[in-house]
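*Asks:* My file is final_37.txt. It has compact mmCIF, C-alpha atoms (C1' of nucleotides):
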# COMPACT_ATOMS: atom_id res chain seq x y z
CA MET A 21 102.33 142.04 42.27
CA LYS A 22 103.08 138.63 43.78
CA ILE A 23 100.76 137.21 46.43
CA ALA A 24 101.75 133.92 48.08
CA THR A 25 100.11 131.50 50.49
CA TRP A 26 101.98 128.99 52.66
CA ASN A 27 101.02 126.72 55.54
CA VAL A 28 104.29 127.00 57.46
CA ASN A 29 103.42 124.55 60.30
CA SER A 30 104.70 126.84 63.10
CA VAL A 31 106.14 130.23 62.15
CA LEU A 32 108.69 130.04 64.99
CA ALA A 33 109.97 126.57 64.11
CA ARG A 34 110.00 127.56 60.42
CA LEU A 35 111.51 131.05 60.72
CA PRO A 36 114.84 130.17 58.99
CA GLN A 37 113.01 128.56 56.05
CA VAL A 38 110.41 131.35 55.76
CA THR A 39 113.02 134.15 55.77
CA LYS A 40 115.21 132.24 53.30
CA TRP A 41 112.22 131.79 51.02
CA LEU A 42 111.15 135.46 51.28
CA ASP A 43 114.68 136.46 50.23
CA ALA A 44 114.59 134.14 47.24
CA ALA A 45 110.98 134.53 46.04
CA ASN A 46 110.45 138.16 47.07
CA PRO A 47 106.63 138.15 47.16
CA ASP A 48 104.77 141.42 47.86
CA VAL A 49 102.39 139.57 50.17
CA LEU A 50 102.70 136.29 52.07
CA CYS A 51 99.65 134.73 53.73
CA MET A 52 100.65 132.11 56.31
CA GLN A 53 98.62 129.43 58.07
CA GLU A 54 99.26 127.25 61.12
CA THR A 55 101.51 129.86 62.68
CA LYS A 56 100.88 128.16 66.07
CA CYS A 57 101.99 131.34 67.82
CA ILE A 58 100.22 133.97 69.92
CA ASP A 59 100.44 137.53 68.56
CA GLU A 60 102.81 138.61 71.38
CA LYS A 61 105.37 136.03 70.24
CA PHE A 62 104.94 136.58 66.50
CA PRO A 63 108.40 137.33 65.00
CA ALA A 64 107.36 140.70 63.53
CA ASP A 65 110.84 142.22 64.00
CA GLU A 66 112.54 139.54 61.92
CA PHE A 67 110.07 140.11 59.08
CA SER A 68 110.38 143.89 59.46
CA ARG A 69 114.15 143.59 58.84
CA LEU A 70 113.31 141.95 55.51
CA GLY A 71 111.00 144.84 54.62
CA TYR A 72 107.64 143.28 55.57
CA ARG A 73 104.91 144.70 57.77
CA SER A 74 102.88 142.00 59.47
CA GLU A 75 99.46 141.32 60.95
CA SER A 76 98.98 138.19 63.05
CA PHE A 77 95.89 136.45 64.37
CA GLY A 78 97.32 133.61 66.37
CA GLN A 79 96.68 131.30 69.27
CA ALA A 80 98.87 128.98 71.29
CA ALA A 81 99.85 125.56 69.89
CA TYR A 82 97.24 125.24 67.13
CA ASN A 83 95.89 127.12 64.11
CA GLY A 84 96.86 130.79 63.63
CA VAL A 85 97.05 132.92 60.47
CA ALA A 86 99.14 135.95 59.52
CA ILE A 87 99.80 138.25 56.60
CA LEU A 88 103.10 139.86 55.60
CA SER A 89 103.11 142.81 53.19
CA ARG A 90 105.69 145.11 51.66
CA THR A 91 103.08 147.91 51.54
CA ASP A 92 100.42 149.28 53.90
CA PHE A 93 97.54 147.26 55.30
CA GLN A 94 94.05 148.69 55.32
CA HIS A 95 90.93 147.40 57.06
CA VAL A 96 92.48 144.43 58.87
CA HIS A 97 89.88 142.01 60.25
CA ARG A 98 90.46 139.00 62.48
CA GLY A 99 88.03 136.09 62.46
CA MET A 100 84.46 135.97 61.18
CA PRO A 101 81.87 138.33 62.73
CA ASP A 102 79.76 135.41 63.98
CA ASP A 103 82.72 133.69 65.68
CA GLU A 104 82.02 132.83 69.29
CA ASP A 105 84.32 134.08 72.06
CA GLY A 106 87.54 132.07 72.05
CA ALA A 107 86.95 130.78 68.52
CA GLN A 108 89.91 129.21 66.72
CA SER A 109 92.15 131.66 64.80
CA ARG A 110 91.47 130.69 61.20
CA LEU A 111 90.77 133.84 59.18
CA ILE A 112 92.50 137.19 58.74
CA ALA A 113 91.59 139.72 56.06
CA ALA A 114 93.21 142.92 54.86
CA THR A 115 93.09 145.26 51.90
CA ILE A 116 96.47 145.64 50.18
CA ASP A 117 96.92 147.65 46.97
CA GLY A 118 93.14 147.70 46.47
CA ILE A 119 92.78 143.92 46.73
CA ARG A 120 90.67 142.45 49.52
CA ILE A 121 92.80 139.51 50.69
CA VAL A 122 91.12 136.86 52.84
CA ASN A 123 93.59 134.36 54.32
CA VAL A 124 92.05 131.20 55.75
CA TYR A 125 93.07 128.02 57.52
CA ILE A 126 90.04 125.86 56.82
CA PRO A 127 89.55 123.13 59.48
CA ASN A 128 91.21 119.78 58.80
CA GLY A 129 88.12 117.73 59.69
CA GLN A 130 90.16 114.86 61.19
CA ALA A 131 87.99 111.96 59.91
CA ILE A 132 84.66 111.39 58.18
CA GLY A 133 81.86 111.59 60.73
CA ALA A 134 84.02 113.05 63.52
CA GLU A 135 82.81 116.09 65.43
CA ARG A 136 85.57 118.09 63.73
CA TYR A 137 84.29 116.94 60.32
CA TYR A 138 80.91 118.60 60.88
CA PHE A 139 82.69 121.65 62.31
CA LYS A 140 84.60 121.86 59.00
CA LEU A 141 81.43 121.64 56.89
CA GLU A 142 79.70 124.25 59.04
CA TRP A 143 82.78 126.51 58.88
CA LEU A 144 82.63 126.39 55.07
CA ARG A 145 78.93 127.33 55.11
CA ARG A 146 79.76 130.28 57.36
CA LEU A 147 82.59 131.29 55.03
CA ARG A 148 80.18 131.53 52.10
CA ALA A 149 77.80 133.64 54.24
CA PHE A 150 80.76 135.86 55.19
CA PHE A 151 81.38 136.70 51.52
CA GLU A 152 77.68 137.22 50.85
CA SER A 153 77.35 139.75 53.64
CA HIS A 154 80.66 141.63 53.23
CA TYR A 155 81.79 141.67 49.59
CA LEU A 156 80.62 141.65 45.99
CA PRO A 157 81.89 139.29 43.28
CA GLY A 158 82.46 142.38 41.14
CA GLU A 159 85.13 143.62 43.57
CA LYS A 160 88.79 142.54 43.63
CA VAL A 161 88.65 139.76 46.21
CA LEU A 162 91.30 137.07 46.74
CA LEU A 163 90.67 134.06 48.97
CA CYS A 164 93.73 131.98 49.72
CA GLY A 165 95.12 129.55 52.26
CA ASP A 166 95.11 125.95 53.37
CA PHE A 167 91.64 124.80 52.31
CA ASN A 168 92.17 121.20 53.48
CA VAL A 169 90.14 119.99 50.48
CA ALA A 170 91.42 118.62 47.16
CA PRO A 171 88.71 119.71 44.69
CA GLU A 172 89.17 117.26 41.80
CA ASP A 173 90.57 113.82 40.93
CA ARG A 174 93.60 115.45 39.27
CA ASP A 175 94.44 117.12 42.61
CA VAL A 176 94.92 113.75 44.38
CA HIS A 177 97.73 111.24 43.78
CA ASP A 178 95.36 108.27 44.01
CA PRO A 179 91.68 109.25 43.62
CA MET A 180 90.48 105.67 44.17
CA LEU A 181 92.40 105.45 47.45
CA TRP A 182 91.21 108.87 48.63
CA ARG A 183 87.56 108.50 47.55
CA GLY A 184 85.31 109.15 50.55
CA ARG A 185 88.24 110.00 52.84
CA ILE A 186 88.99 113.18 54.70
CA HIS A 187 90.08 116.06 52.38
CA PHE A 188 88.34 114.39 49.41
CA SER A 189 84.85 113.33 50.52
CA GLU A 190 81.83 114.48 48.51
CA PRO A 191 80.32 116.63 51.33
CA GLU A 192 83.64 118.48 51.70
CA LYS A 193 83.94 119.06 47.94
CA GLU A 194 80.31 120.23 47.79
CA ALA A 195 80.79 122.60 50.73
CA LEU A 196 83.90 124.04 49.06
CA THR A 197 82.09 124.39 45.71
CA TYR A 198 79.35 126.33 47.53
CA VAL A 199 82.00 128.86 48.64
CA LYS A 200 83.47 128.99 45.13
CA ASP A 201 80.07 129.55 43.51
CA TRP A 202 79.80 132.88 45.35
CA GLY A 203 82.03 134.22 42.59
CA PHE A 204 85.54 132.74 42.56
CA VAL A 205 87.73 131.04 40.01
CA ASP A 206 90.65 128.79 40.96
CA ALA A 207 93.58 130.94 39.84
CA PHE A 208 95.94 127.94 39.62
CA ARG A 209 93.61 126.13 37.22
CA MET A 210 93.38 129.21 34.97
CA HIS A 211 96.99 128.55 34.02
CA ASN A 212 97.69 124.87 34.79
CA SER A 213 95.58 121.88 33.78
CA GLU A 214 98.04 119.07 34.53
CA GLU A 215 97.56 116.45 37.22
CA LYS A 216 100.10 115.63 39.97
CA GLN A 217 100.51 119.29 40.95
CA TYR A 218 100.42 119.03 44.73
CA SER A 219 100.92 121.53 47.54
CA TRP A 220 101.04 119.14 50.51
CA TRP A 221 102.82 115.85 51.17
CA ASP A 222 102.64 113.86 54.40
CA TYR A 223 105.87 113.86 56.41
CA ARG A 224 105.61 110.10 56.64
CA ALA A 225 106.40 107.18 54.35
CA GLY A 226 108.53 109.20 51.91
CA ALA A 227 105.43 110.84 50.48
CA PHE A 228 107.28 113.83 49.04
CA ARG A 229 110.03 111.73 47.45
CA ARG A 230 107.33 109.62 45.76
CA ASN A 231 105.15 112.68 44.97
CA LEU A 232 102.20 111.22 46.87
CA GLY A 233 100.46 114.48 47.67
CA LEU A 234 97.30 116.54 47.50
CA ARG A 235 96.58 120.01 46.10
CA ILE A 236 94.84 121.53 49.12
CA ASP A 237 96.41 125.01 49.20
CA HIS A 238 94.60 127.40 46.90
CA VAL A 239 94.35 130.92 45.53
CA TRP A 240 90.84 131.86 44.39
CA ILE A 241 90.02 135.19 42.77
CA THR A 242 87.02 137.16 41.54
CA GLU A 243 86.55 138.12 37.88
CA PRO A 244 88.15 141.61 38.11
CA LEU A 245 91.33 139.98 39.46
CA ALA A 246 91.17 137.10 36.98
CA LYS A 247 91.62 139.67 34.22
CA GLU A 248 94.95 140.64 35.83
CA SER A 249 96.15 137.11 36.61
CA LEU A 250 99.51 136.34 34.97
CA SER A 251 100.55 133.04 36.56
CA VAL A 252 100.19 130.74 39.55
CA VAL A 253 102.97 128.36 40.55
CA ILE A 254 103.55 125.90 43.38
CA ASP A 255 107.13 126.31 44.62
CA LYS A 256 108.27 122.82 45.64
CA GLU A 257 111.84 123.95 46.39
CA PRO A 258 111.41 124.73 50.13
CA ARG A 259 109.78 121.31 50.62
CA ARG A 260 113.22 119.84 49.78
CA TRP A 261 115.04 121.90 52.45
CA GLU A 262 116.05 120.78 55.95
CA LYS A 263 113.16 120.82 58.45
CA PRO A 264 110.53 121.73 55.85
CA SER A 265 106.87 122.51 56.34
CA ASP A 266 104.73 119.68 54.97
CA HIS A 267 103.17 122.28 52.61
CA ALA A 268 104.73 124.18 49.69
CA PRO A 269 104.07 127.87 48.98
CA VAL A 270 101.72 128.83 46.14
CA ILE A 271 102.52 132.10 44.36
CA ALA A 272 100.05 134.10 42.26
CA GLU A 273 101.33 136.95 40.09
CA PHE A 274 99.14 139.83 38.87
CA LYS A 275 99.61 142.70 36.46
C1' DA B 11 99.90 95.19 58.51
C1' DT B 12 95.78 101.23 60.38
C1' DG B 13 102.05 101.66 60.26
C1' DG B 14 104.77 106.39 59.38
C1' DT B 15 106.64 112.11 61.18
C1' DA B 16 106.45 116.71 63.06
C1' DG B 17 105.23 120.64 66.33
C1' DA B 18 103.64 122.53 70.80
C1' DT B 19 102.78 121.46 75.33
C1' DA B 20 103.21 119.29 79.39
C1' DC B 21 103.40 114.03 80.11
C1' DT B 22 99.04 113.97 74.80
C1' DC B 23 96.77 116.17 71.07
C1' DT B 24 96.53 117.63 66.31
C1' DA B 25 97.58 117.23 61.66
Translate the structure described by the file into structure tokens.
*Replies:*
Amino acid sequence: MKIATWNVNSVLARLPQVTKWLDAANPDVLCMQETKCIDEKFPADEFSRLGYRSESFGQAAYNGVAILSRTDFQHVHRGMPDDEDGAQSRLIAATIDGIRIVNVYIPNGQAIGAERYYFKLEWLRRLRAFFESHYLPGEKVLLCGDFNVAPEDRDVHDPMLWRGRIHFSEPEKEALTYVKDWGFVDAFRMHNSEEKQYSWWDYRAGAFRRNLGLRIDHVWITEPLAKESLSVVIDKEPRRWEKPSDHAPVIAEFK
DNA sequence: ATGGTAGATACTCTA
């Protein structure tokens, strides 16, 4: 069972790369973020031809999440229950093969102290409350997506440069730890302890070529799933292709 | 030196 997460930065602009990657990597499940596409325009037919069912929770221009699966979806939920009307599309959940999969696009935060920064911190507090009220850490729960936070120094190409900046500030790391402490382990770090393992590189200034990135895309799992975790890899290959997303897919394999 | 690129939308915002 292979479950992948990938911020595709527009599913319509990235359709050739996403379908090429699905052919090559053949995951059972792909969680996408920043689809930037309303549900009516989601390219479900193209994914269906490749053998994937899909569930989309999109909006125009910004945000948007979706899940592709080779097998049936159960209990699909869009957004958090306490979302206001017209809230941004940032969470979609579904049960696939007995695993509760929660796919999130955590807010970027823009800059320390900005209105969007406090929105991000509050969104993380609500995410923890969402797990408290809906699931148990003893169940098979997988939280994945673009978290927009690099948790540790080894997840940042230059910790001194990034200290106190967006994606790496202490309040963001604390808010993310609060979610994790509900009952998750970082599946990638179960299998990989090296530094310089990034999942995102800025489009600008040759960041990818120089490997100046951040590890902000994550797969977190509860204890029952940790027992079945075989590997987690970041696939940098599609970041080298023409017109790439600025993020690379992360693939978790389970027994 | 606060640069640089990319996507969606509509002549700018977000990341």
*Asks:* Please report as CSV every residue of chain B lying within 8 Å of chain A, along with the nearest atom pair and their distance in Å (one decimal), using only C-alpha atoms (C1' of nucleotides).
*Replies:*
residue,atom,partner,partner_atom,distance
B:DG14,C1',A:Arg224,CA,4.7
B:DT15,C1',A:Arg224,CA,5.1
B:DA16,C1',A:Tyr223,CA,7.3
B:DG17,C1',A:Ser30,CA,7.0
B:DA18,C1',A:Ala81,CA,4.9
B:DT19,C1',A:Ala81,CA,7.4
B:DT24,C1',A:Tyr82,CA,7.7
B:DA25,C1',A:Asn128,CA,7.4
*Asks:* Identify the residues within 9 Å of coordinate (93.1, 140.3, 44.7) (same frame as the file), considering all atoms listed in the file, and give the answer as a PDB file with C-alpha atoms, keeping the file's coordinate frame.
*Replies:*
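Result file result.pdb:
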ATOM      1  CA  ILE A  23     100.760 137.210  46.430  1.00  0.00           C
ATOM      2  CA  THR A 115      93.090 145.260  51.900  1.00  0.00           C
ATOM      3  CA  ILE A 116      96.470 145.640  50.180  1.00  0.00           C
ATOM      4  CA  ASP A 117      96.920 147.650  46.970  1.00  0.00           C
ATOM      5  CA  GLY A 118      93.140 147.700  46.470  1.00  0.00           C
ATOM      6  CA  ILE A 119      92.780 143.920  46.730  1.00  0.00           C
ATOM      7  CA  ARG A 120      90.670 142.450  49.520  1.00  0.00           C
ATOM      8  CA  ILE A 121      92.800 139.510  50.690  1.00  0.00           C
ATOM      9  CA  GLU A 159      85.130 143.620  43.570  1.00  0.00           C
ATOM     10  CA  LYS A 160      88.790 142.540  43.630  1.00  0.00           C
ATOM     11  CA  VAL A 161      88.650 139.760  46.210  1.00  0.00           C
ATOM     12  CA  LEU A 162      91.300 137.070  46.740  1.00  0.00           C
ATOM     13  CA  LEU A 163      90.670 134.060  48.970  1.00  0.00           C
ATOM     14  CA  TRP A 240      90.840 131.860  44.390  1.00  0.00           C
ATOM     15  CA  ILE A 241      90.020 135.190  42.770  1.00  0.00           C
ATOM     16  CA  THR A 242      87.020 137.160  41.540  1.00  0.00           C
ATOM     17  CA  PRO A 244      88.150 141.610  38.110  1.00  0.00           C
ATOM     18  CA  LEU A 245      91.330 139.980  39.460  1.00  0.00           C
ATOM     19  CA  ALA A 246      91.170 137.100  36.980  1.00  0.00           C
ATOM     20  CA  PHE A 274      99.140 139.830  38.870  1.00  0.00           C
TER      21      PHE A 274
END
*Asks:* Between A:Met52, A:Val176, A:Leu144, A:Ile87, which has the minimum distance to Ala268 (chain A) (counting all atoms listed in the file)?
*Replies:* A:Met52
*Asks:* Pick the closest to Trp143 (chain A) from A:Asp102, A:Glu257, A:Glu66, A:Glu190: which is it, counting only C-alpha atoms?
*Replies:*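 Using only C-alpha atoms, the shortest distance to Trp143 (chain A) belongs to A:Asp102.
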*Asks:* Using CA of Ile254 (chain A) and CA of Tyr218 (chain A) as the two end points, give the distance in Å to one decimal.
*Replies:* 7.7 Å
*Asks:* Applying 12 Å and only C-alpha atoms (C1' of nucleotides), which residues near Pro179 (chain A) remain after dropping the ones on its own chain fewer than 4 positions away? List them as a PDB file with C-alpha atoms, keeping the file's coordinate frame.
*Replies:*
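What follows is the written file out_1.pdb:
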ATOM      1  CA  ALA A 170      91.420 118.620  47.160  1.00  0.00           C
ATOM      2  CA  PRO A 171      88.710 119.710  44.690  1.00  0.00           C
ATOM      3  CA  GLU A 172      89.170 117.260  41.800  1.00  0.00           C
ATOM      4  CA  ASP A 173      90.570 113.820  40.930  1.00  0.00           C
ATOM      5  CA  ARG A 174      93.600 115.450  39.270  1.00  0.00           C
ATOM      6  CA  ASP A 175      94.440 117.120  42.610  1.00  0.00           C
ATOM      7  CA  ARG A 183      87.560 108.500  47.550  1.00  0.00           C
ATOM      8  CA  GLY A 184      85.310 109.150  50.550  1.00  0.00           C
ATOM      9  CA  ARG A 185      88.240 110.000  52.840  1.00  0.00           C
ATOM     10  CA  HIS A 187      90.080 116.060  52.380  1.00  0.00           C
ATOM     11  CA  PHE A 188      88.340 114.390  49.410  1.00  0.00           C
ATOM     12  CA  SER A 189      84.850 113.330  50.520  1.00  0.00           C
ATOM     13  CA  GLU A 215      97.560 116.450  37.220  1.00  0.00           C
ATOM     14  CA  LYS A 216     100.100 115.630  39.970  1.00  0.00           C
ATOM     15  CA  LEU A 232     102.200 111.220  46.870  1.00  0.00           C
ATOM     16  CA  GLY A 233     100.460 114.480  47.670  1.00  0.00           C
ATOM     17  CA  LEU A 234      97.300 116.540  47.500  1.00  0.00           C
TER      18      LEU A 234
END
*Asks:* Tell me, in Å to one decimal, how far CA of Val205 (chain A) is from CA of Pro157 (chain A).
*Replies:* 10.6 Å
*Asks:* Could you tell me how far C1' of DC23 (chain B) sits from CA of Thr39 (chain A), in Å to one decimal place?
*Replies:*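 About the pair CA of Thr39 (chain A) and C1' of DC23 (chain B): they are 28.7 Å apart.
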*Asks:* May I have the residues within 10 Å of Thr25 (chain A) as a compact mmCIF listing (two decimals) with C-alpha atoms, keeping the file's coordinate frame, using only C-alpha atoms (C1' of nucleotides) and disregarding those fewer than 5 positions away in the same chain?
*Replies:*
# COMPACT_ATOMS: atom_id res chain seq x y z
CA PRO A 47 106.63 138.15 47.16
CA VAL A 49 102.39 139.57 50.17
CA LEU A 50 102.70 136.29 52.07
CA CYS A 51 99.65 134.73 53.73
CA MET A 52 100.65 132.11 56.31
CA GLN A 53 98.62 129.43 58.07
CA ILE A 87 99.80 138.25 56.60
CA ASN A 123 93.59 134.36 54.32
CA VAL A 124 92.05 131.20 55.75
CA LEU A 163 90.67 134.06 48.97
CA CYS A 164 93.73 131.98 49.72
CA GLY A 165 95.12 129.55 52.26
CA ASP A 166 95.11 125.95 53.37
CA ASP A 237 96.41 125.01 49.20
CA HIS A 238 94.60 127.40 46.90
CA VAL A 239 94.35 130.92 45.53
CA ILE A 254 103.55 125.90 43.38
CA HIS A 267 103.17 122.28 52.61
CA ALA A 268 104.73 124.18 49.69
CA PRO A 269 104.07 127.87 48.98
CA VAL A 270 101.72 128.83 46.14
CA ILE A 271 102.52 132.10 44.36
CA ALA A 272 100.05 134.10 42.26
*Asks:* With all atoms of chain B from the file as input, state the centre and edge lengths in Å to one decimal of the axis-aligned box that has 8 Å extra on each side, as lines of an AutoDock Vina configuration file.
*Replies:*
center_x = 101.2
center_y = 108.9
center_z = 69.3
size_x = 26.9
size_y = 43.3
size_z = 37.6
